[in-house]
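Listing of work14.cif, mmCIF, C-alpha atoms
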data_upload
#
loop_
_atom_site.group_PDB
_atom_site.id
_atom_site.type_symbol
_atom_site.label_atom_id
_atom_site.label_comp_id
_atom_site.auth_asym_id
_atom_site.auth_seq_id
_atom_site.Cartn_x
_atom_site.Cartn_y
_atom_site.Cartn_z
ATOM 1 C CA LEU G 1096 52.079 31.241 50.336
ATOM 2 C CA ARG G 1097 49.966 31.506 47.216
ATOM 3 C CA LYS G 1098 50.206 28.815 44.625
ATOM 4 C CA PRO G 1099 48.674 28.727 41.156
ATOM 5 C CA VAL G 1100 45.759 26.397 40.483
ATOM 6 C CA ILE G 1101 45.171 24.691 37.164
ATOM 7 C CA PHE G 1102 41.609 23.517 36.559
ATOM 8 C CA ILE G 1103 41.340 20.532 34.226
ATOM 9 C CA TYR G 1104 38.650 18.238 32.881
ATOM 10 C CA THR G 1105 38.295 15.614 30.157
ATOM 11 C CA ASN G 1106 35.790 14.847 27.396
ATOM 12 C CA GLU G 1107 34.483 11.959 29.495
ATOM 13 C CA ILE G 1108 33.885 14.186 32.515
ATOM 14 C CA LEU G 1109 32.225 16.759 30.273
ATOM 15 C CA LYS G 1110 29.950 14.100 28.811
ATOM 16 C CA ASN G 1111 29.017 12.393 32.083
ATOM 17 C CA HIS G 1112 29.270 15.234 34.609
ATOM 18 C CA TYR G 1113 28.427 18.423 32.753
ATOM 19 C CA LYS G 1114 27.455 20.339 35.912
ATOM 20 C CA PHE G 1115 30.798 19.504 37.511
ATOM 21 C CA VAL G 1116 32.611 20.969 34.506
ATOM 22 C CA GLU G 1117 30.457 24.091 34.636
ATOM 23 C CA ARG G 1118 31.299 24.570 38.338
ATOM 24 C CA THR G 1119 34.972 23.997 37.555
ATOM 25 C CA LYS G 1120 34.817 26.690 34.885
ATOM 26 C CA LEU G 1121 33.095 29.074 37.312
ATOM 27 C CA PHE G 1122 35.781 28.587 39.962
ATOM 28 C CA ALA G 1123 38.496 29.044 37.345
ATOM 29 C CA ASN G 1124 36.851 32.262 36.223
ATOM 30 C CA GLU G 1125 36.640 33.457 39.843
ATOM 31 C CA LEU G 1126 40.433 33.155 39.993
ATOM 32 C CA GLY G 1127 40.974 34.877 36.655
ATOM 33 C CA THR G 1128 41.890 31.806 34.650
ATOM 34 C CA SER G 1129 40.115 29.169 32.590
ATOM 35 C CA ALA G 1130 39.588 25.425 32.825
ATOM 36 C CA ILE G 1131 41.485 23.191 30.413
ATOM 37 C CA ASN G 1132 40.018 20.206 28.593
ATOM 38 C CA ILE G 1133 43.118 18.005 28.581
ATOM 39 C CA ASP G 1134 41.706 15.875 25.763
ATOM 40 C CA ASN G 1135 41.821 18.876 23.414
ATOM 41 C CA ILE G 1136 45.270 20.286 24.135
ATOM 42 C CA LYS G 1137 47.271 21.662 21.236
ATOM 43 C CA ASN G 1138 50.305 23.829 21.942
ATOM 44 C CA LEU G 1139 49.274 24.689 25.487
ATOM 45 C CA ASN G 1140 51.273 27.496 27.092
ATOM 46 C CA LEU G 1141 51.233 26.646 30.804
ATOM 47 C CA ASP G 1142 52.931 29.929 31.743
ATOM 48 C CA LYS G 1143 49.591 31.653 31.183
ATOM 49 C CA PHE G 1144 47.929 29.326 33.687
ATOM 50 C CA LEU G 1145 50.663 29.638 36.312
ATOM 51 C CA LYS G 1146 50.215 33.380 36.830
ATOM 52 C CA ILE G 1147 48.242 34.446 39.890
ATOM 53 C CA ASN G 1148 45.788 37.309 39.514
ATOM 54 C CA GLU G 1149 46.228 38.894 42.970
ATOM 55 C CA SER G 1150 42.998 40.863 42.854
ATOM 56 C CA LYS G 1151 40.909 37.835 41.833
ATOM 57 C CA TYR G 1152 42.739 35.653 44.380
ATOM 58 C CA ASN G 1153 41.936 38.094 47.197
ATOM 59 C CA ASP G 1154 38.296 38.308 46.117
ATOM 60 C CA TYR G 1155 38.080 34.496 45.998
ATOM 61 C CA PHE G 1156 39.691 34.190 49.413
ATOM 62 C CA ARG G 1157 37.252 36.677 50.955
ATOM 63 C CA LYS G 1158 34.278 35.039 49.250
ATOM 64 C CA TYR G 1159 34.988 31.327 49.854
ATOM 65 C CA ILE G 1160 37.713 30.841 52.463
ATOM 66 C CA SER G 1161 37.652 33.590 55.079
ATOM 67 C CA VAL G 1162 34.784 34.279 57.462
ATOM 68 C CA ASP G 1163 33.036 37.651 57.441
ATOM 69 C CA ASN G 1164 35.865 39.225 55.409
ATOM 70 C CA ASN G 1165 38.299 38.494 58.247
ATOM 71 C CA MET G 1166 41.350 37.344 56.283
ATOM 72 C CA ASN G 1167 42.824 35.777 59.449
ATOM 73 C CA PHE G 1168 39.825 33.614 60.373
ATOM 74 C CA LEU G 1169 39.345 30.769 57.918
ATOM 75 C CA TYR G 1170 36.061 29.030 57.158
ATOM 76 C CA TRP G 1171 37.176 25.603 58.413
ATOM 77 C CA GLU G 1172 38.443 27.184 61.626
ATOM 78 C CA LYS G 1173 34.969 28.645 62.129
ATOM 79 C CA VAL G 1174 33.397 25.199 61.601
ATOM 80 C CA ILE G 1175 35.757 23.619 64.152
ATOM 81 C CA TYR G 1176 35.115 26.472 66.603
ATOM 82 C CA GLU G 1177 31.336 26.013 66.327
ATOM 83 C CA LEU G 1178 31.580 22.219 66.681
ATOM 84 C CA LYS G 1179 33.700 22.597 69.803
ATOM 85 C CA LYS G 1180 31.096 24.907 71.266
ATOM 86 C CA LEU G 1181 28.519 22.171 70.692
ATOM 87 C CA LYS G 1182 30.871 19.562 72.239
ATOM 88 C CA TYR G 1183 31.121 17.542 68.996
ATOM 89 C CA ILE G 1184 34.919 17.705 69.063
#
Would you mind giving the structure from this file in structure tokens?
Amino acid sequence: LRKPVIFIYTNEILKNHYKFVERTKLFANELGTSAINIDNIKNLNLDKFLKINESKYNDYFRKYISVDNNMNFLYWEKVIYELKKLKYI
């Protein structure tokens, strides 16, 4: 079940952790949305941020979550599988 993601940051985070904010913006862009600085909100329309761009979502899933474009084999499952093979779990 797909759920929308809202990426937020604050002026303080921007000031002290600029690279984190840049990565947040990149991930938001990957999903077809933008990050919100909650310290600078004026008349925010959340409906815009609650829509899921199916094409971008599928691309993101293939790129960051699935393994070798296999939509049924998730990255963390691959990590657990490999650790079990090495007898770490």
- Task: Give me, please, the distance in Å between CA of Phe1102 (chain G) and CA of Ser1129 (chain G), quoted to one decimal.
- Result: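 Separation of CA of Phe1102 (chain G) and CA of Ser1129 (chain G): 7.1 Å.
Among G:Asp1154, G:Ile1101, G:Tyr1113, G:Asn1124, the residue with the shortest atom-to-atom distance to Leu1141 (chain G), counting all atoms listed in the file, is G:Ile1101.
Interatomic distance, CA of Ile1136 (chain G) to CA of Lys1098 (chain G): 22.7 Å.
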- Neighbour list for Asn1106 (chain G) as a ChimeraX atom specification, cut-off 7 Å, only C-alpha atoms, skip fewer than 2 positions in-chain: /G:1108-1110,1132,1134
- Item | Contacts of region 1142-1152 of chain G within 6 Å, only C-alpha atoms, excl. fewer than 3 positions in-chain, as a list in words |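 Listing them by chain and then by number gives Pro1099, Leu1126, Gly1127 and Tyr1155 of chain G.
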- Quick one: distance from CA of Glu1125 (chain G) to CA of Ile1175 (chain G) in Å, one decimal?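 Between CA of Glu1125 (chain G) and CA of Ile1175 (chain G) the gap is 26.2 Å.
The smallest atom-to-atom distance between Thr1128 (chain G) and any of G:Leu1178, G:Asn1140, G:Val1100, G:Tyr1159, using all atoms listed in the file, is found for G:Val1100.
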- Reference answer for the PyMOL selection byres ((chain G and resi 1160) around 6), as number ranges by chain: G: 1156, 1159, 1161, 1169-1170
Could you turn the residues from that selection into a file that holds C-alpha atoms, as an mmCIF file, in the frame of the given file?
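Generated file (again-v7.cif):
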data_model
loop_
_atom_site.group_PDB
_atom_site.id
_atom_site.type_symbol
_atom_site.label_atom_id
_atom_site.label_comp_id
_atom_site.auth_asym_id
_atom_site.auth_seq_id
_atom_site.Cartn_x
_atom_site.Cartn_y
_atom_site.Cartn_z
ATOM 1 C CA PHE G 1156 39.691 34.190 49.413
ATOM 2 C CA TYR G 1159 34.988 31.327 49.854
ATOM 3 C CA SER G 1161 37.652 33.590 55.079
ATOM 4 C CA LEU G 1169 39.345 30.769 57.918
ATOM 5 C CA TYR G 1170 36.061 29.030 57.158
#
- Item | Counting all atoms listed in the file, the residue of G:Val1162, G:Ile1133, G:Leu1181, G:Leu1139 that sits nearest Glu1107 (chain G) | G:Ile1133
Starting from the structure just given, write a file holding region 1128-1161 of chain G with N, CA, C and O atoms, as a short mmCIF file (atom, residue, chain, number, x, y, z; two decimals), in the first residue's frame.
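This is the output file result_39.cif:
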data_model
loop_
_atom_site.label_atom_id
_atom_site.label_comp_id
_atom_site.auth_asym_id
_atom_site.auth_seq_id
_atom_site.Cartn_x
_atom_site.Cartn_y
_atom_site.Cartn_z
N THR G 1128 8.07 15.44 -5.75
CA THR G 1128 7.52 16.44 -4.85
C THR G 1128 8.65 17.37 -4.43
O THR G 1128 9.72 17.33 -5.00
N SER G 1129 8.40 18.20 -3.45
CA SER G 1129 9.46 19.08 -2.96
C SER G 1129 9.46 19.07 -1.43
O SER G 1129 8.47 18.72 -0.80
N ALA G 1130 10.60 19.45 -0.87
CA ALA G 1130 10.73 19.52 0.58
C ALA G 1130 10.15 20.85 1.06
O ALA G 1130 10.20 21.85 0.34
N ILE G 1131 9.63 20.85 2.27
CA ILE G 1131 8.98 22.03 2.82
C ILE G 1131 9.78 22.55 4.02
O ILE G 1131 10.06 21.80 4.95
N ASN G 1132 10.12 23.83 3.99
CA ASN G 1132 10.72 24.46 5.15
C ASN G 1132 9.55 24.92 6.03
O ASN G 1132 8.86 25.87 5.71
N ILE G 1133 9.33 24.20 7.12
CA ILE G 1133 8.14 24.48 7.94
C ILE G 1133 8.24 25.79 8.71
O ILE G 1133 7.25 26.24 9.28
N ASP G 1134 9.41 26.43 8.70
CA ASP G 1134 9.52 27.75 9.32
C ASP G 1134 9.04 28.85 8.38
O ASP G 1134 8.83 29.98 8.82
N ASN G 1135 8.87 28.54 7.11
CA ASN G 1135 8.49 29.55 6.13
C ASN G 1135 7.16 29.22 5.45
O ASN G 1135 6.98 29.51 4.27
N ILE G 1136 6.25 28.63 6.18
CA ILE G 1136 4.97 28.23 5.60
C ILE G 1136 3.98 29.39 5.61
O ILE G 1136 3.74 30.00 6.64
N LYS G 1137 3.43 29.65 4.43
CA LYS G 1137 2.34 30.62 4.31
C LYS G 1137 1.34 30.02 3.34
O LYS G 1137 1.67 29.74 2.19
N ASN G 1138 0.15 29.78 3.81
CA ASN G 1138 -0.92 29.24 2.95
C ASN G 1138 -0.51 27.96 2.23
O ASN G 1138 -0.60 27.86 1.01
N LEU G 1139 -0.02 27.00 2.96
CA LEU G 1139 0.42 25.74 2.38
C LEU G 1139 -0.77 24.88 2.00
O LEU G 1139 -1.68 24.66 2.80
N ASN G 1140 -0.80 24.39 0.78
CA ASN G 1140 -1.84 23.48 0.31
C ASN G 1140 -1.28 22.06 0.38
O ASN G 1140 -0.55 21.63 -0.51
N LEU G 1141 -1.63 21.33 1.44
CA LEU G 1141 -1.10 19.99 1.63
C LEU G 1141 -1.60 19.00 0.59
O LEU G 1141 -0.94 17.99 0.34
N ASP G 1142 -2.73 19.26 -0.04
CA ASP G 1142 -3.25 18.34 -1.06
C ASP G 1142 -2.20 18.08 -2.14
O ASP G 1142 -2.06 16.97 -2.63
N LYS G 1143 -1.47 19.11 -2.50
CA LYS G 1143 -0.42 18.99 -3.52
C LYS G 1143 0.65 17.99 -3.09
O LYS G 1143 1.19 17.25 -3.90
N PHE G 1144 0.94 17.96 -1.80
CA PHE G 1144 2.00 17.10 -1.29
C PHE G 1144 1.51 15.69 -0.97
O PHE G 1144 2.31 14.80 -0.72
N LEU G 1145 0.21 15.48 -0.97
CA LEU G 1145 -0.33 14.17 -0.65
C LEU G 1145 -0.61 13.31 -1.88
O LEU G 1145 -1.01 12.16 -1.76
N LYS G 1146 -0.37 13.86 -3.06
CA LYS G 1146 -0.55 13.10 -4.29
C LYS G 1146 0.70 12.27 -4.56
O LYS G 1146 1.81 12.72 -4.34
N ILE G 1147 0.48 11.05 -5.03
CA ILE G 1147 1.59 10.16 -5.33
C ILE G 1147 1.80 10.12 -6.84
O ILE G 1147 0.87 9.82 -7.60
N ASN G 1148 3.00 10.44 -7.27
CA ASN G 1148 3.36 10.34 -8.68
C ASN G 1148 3.79 8.88 -8.91
O ASN G 1148 4.88 8.47 -8.55
N GLU G 1149 2.90 8.10 -9.51
CA GLU G 1149 3.12 6.64 -9.65
C GLU G 1149 4.41 6.33 -10.41
O GLU G 1149 5.15 5.43 -10.04
N SER G 1150 4.66 7.05 -11.46
CA SER G 1150 5.86 6.80 -12.27
C SER G 1150 7.12 7.06 -11.45
O SER G 1150 8.05 6.25 -11.44
N LYS G 1151 7.16 8.20 -10.76
CA LYS G 1151 8.33 8.53 -9.92
C LYS G 1151 8.46 7.54 -8.76
O LYS G 1151 9.56 7.15 -8.39
N TYR G 1152 7.32 7.14 -8.18
CA TYR G 1152 7.34 6.18 -7.08
C TYR G 1152 7.96 4.86 -7.54
O TYR G 1152 8.82 4.29 -6.87
N ASN G 1153 7.51 4.37 -8.70
CA ASN G 1153 8.05 3.11 -9.23
C ASN G 1153 9.54 3.22 -9.54
O ASN G 1153 10.30 2.30 -9.25
N ASP G 1154 9.96 4.34 -10.10
CA ASP G 1154 11.39 4.55 -10.36
C ASP G 1154 12.18 4.55 -9.06
O ASP G 1154 13.24 3.94 -8.96
N TYR G 1155 11.67 5.25 -8.05
CA TYR G 1155 12.32 5.31 -6.74
C TYR G 1155 12.43 3.91 -6.13
O TYR G 1155 13.46 3.52 -5.62
N PHE G 1156 11.34 3.17 -6.20
CA PHE G 1156 11.31 1.83 -5.64
C PHE G 1156 12.36 0.95 -6.30
O PHE G 1156 13.13 0.25 -5.63
N ARG G 1157 12.42 0.99 -7.62
CA ARG G 1157 13.41 0.19 -8.36
C ARG G 1157 14.84 0.62 -8.02
O ARG G 1157 15.73 -0.20 -7.89
N LYS G 1158 15.04 1.90 -7.86
CA LYS G 1158 16.37 2.46 -7.64
C LYS G 1158 16.90 2.23 -6.22
O LYS G 1158 18.08 1.94 -6.04
N TYR G 1159 16.03 2.36 -5.20
CA TYR G 1159 16.49 2.39 -3.82
C TYR G 1159 15.98 1.26 -2.93
O TYR G 1159 16.53 1.04 -1.86
N ILE G 1160 14.93 0.57 -3.31
CA ILE G 1160 14.32 -0.40 -2.41
C ILE G 1160 14.42 -1.82 -2.92
O ILE G 1160 14.73 -2.74 -2.17
N SER G 1161 14.17 -2.04 -4.20
CA SER G 1161 14.22 -3.40 -4.73
C SER G 1161 15.66 -3.76 -5.11
O SER G 1161 16.53 -2.90 -5.21
#
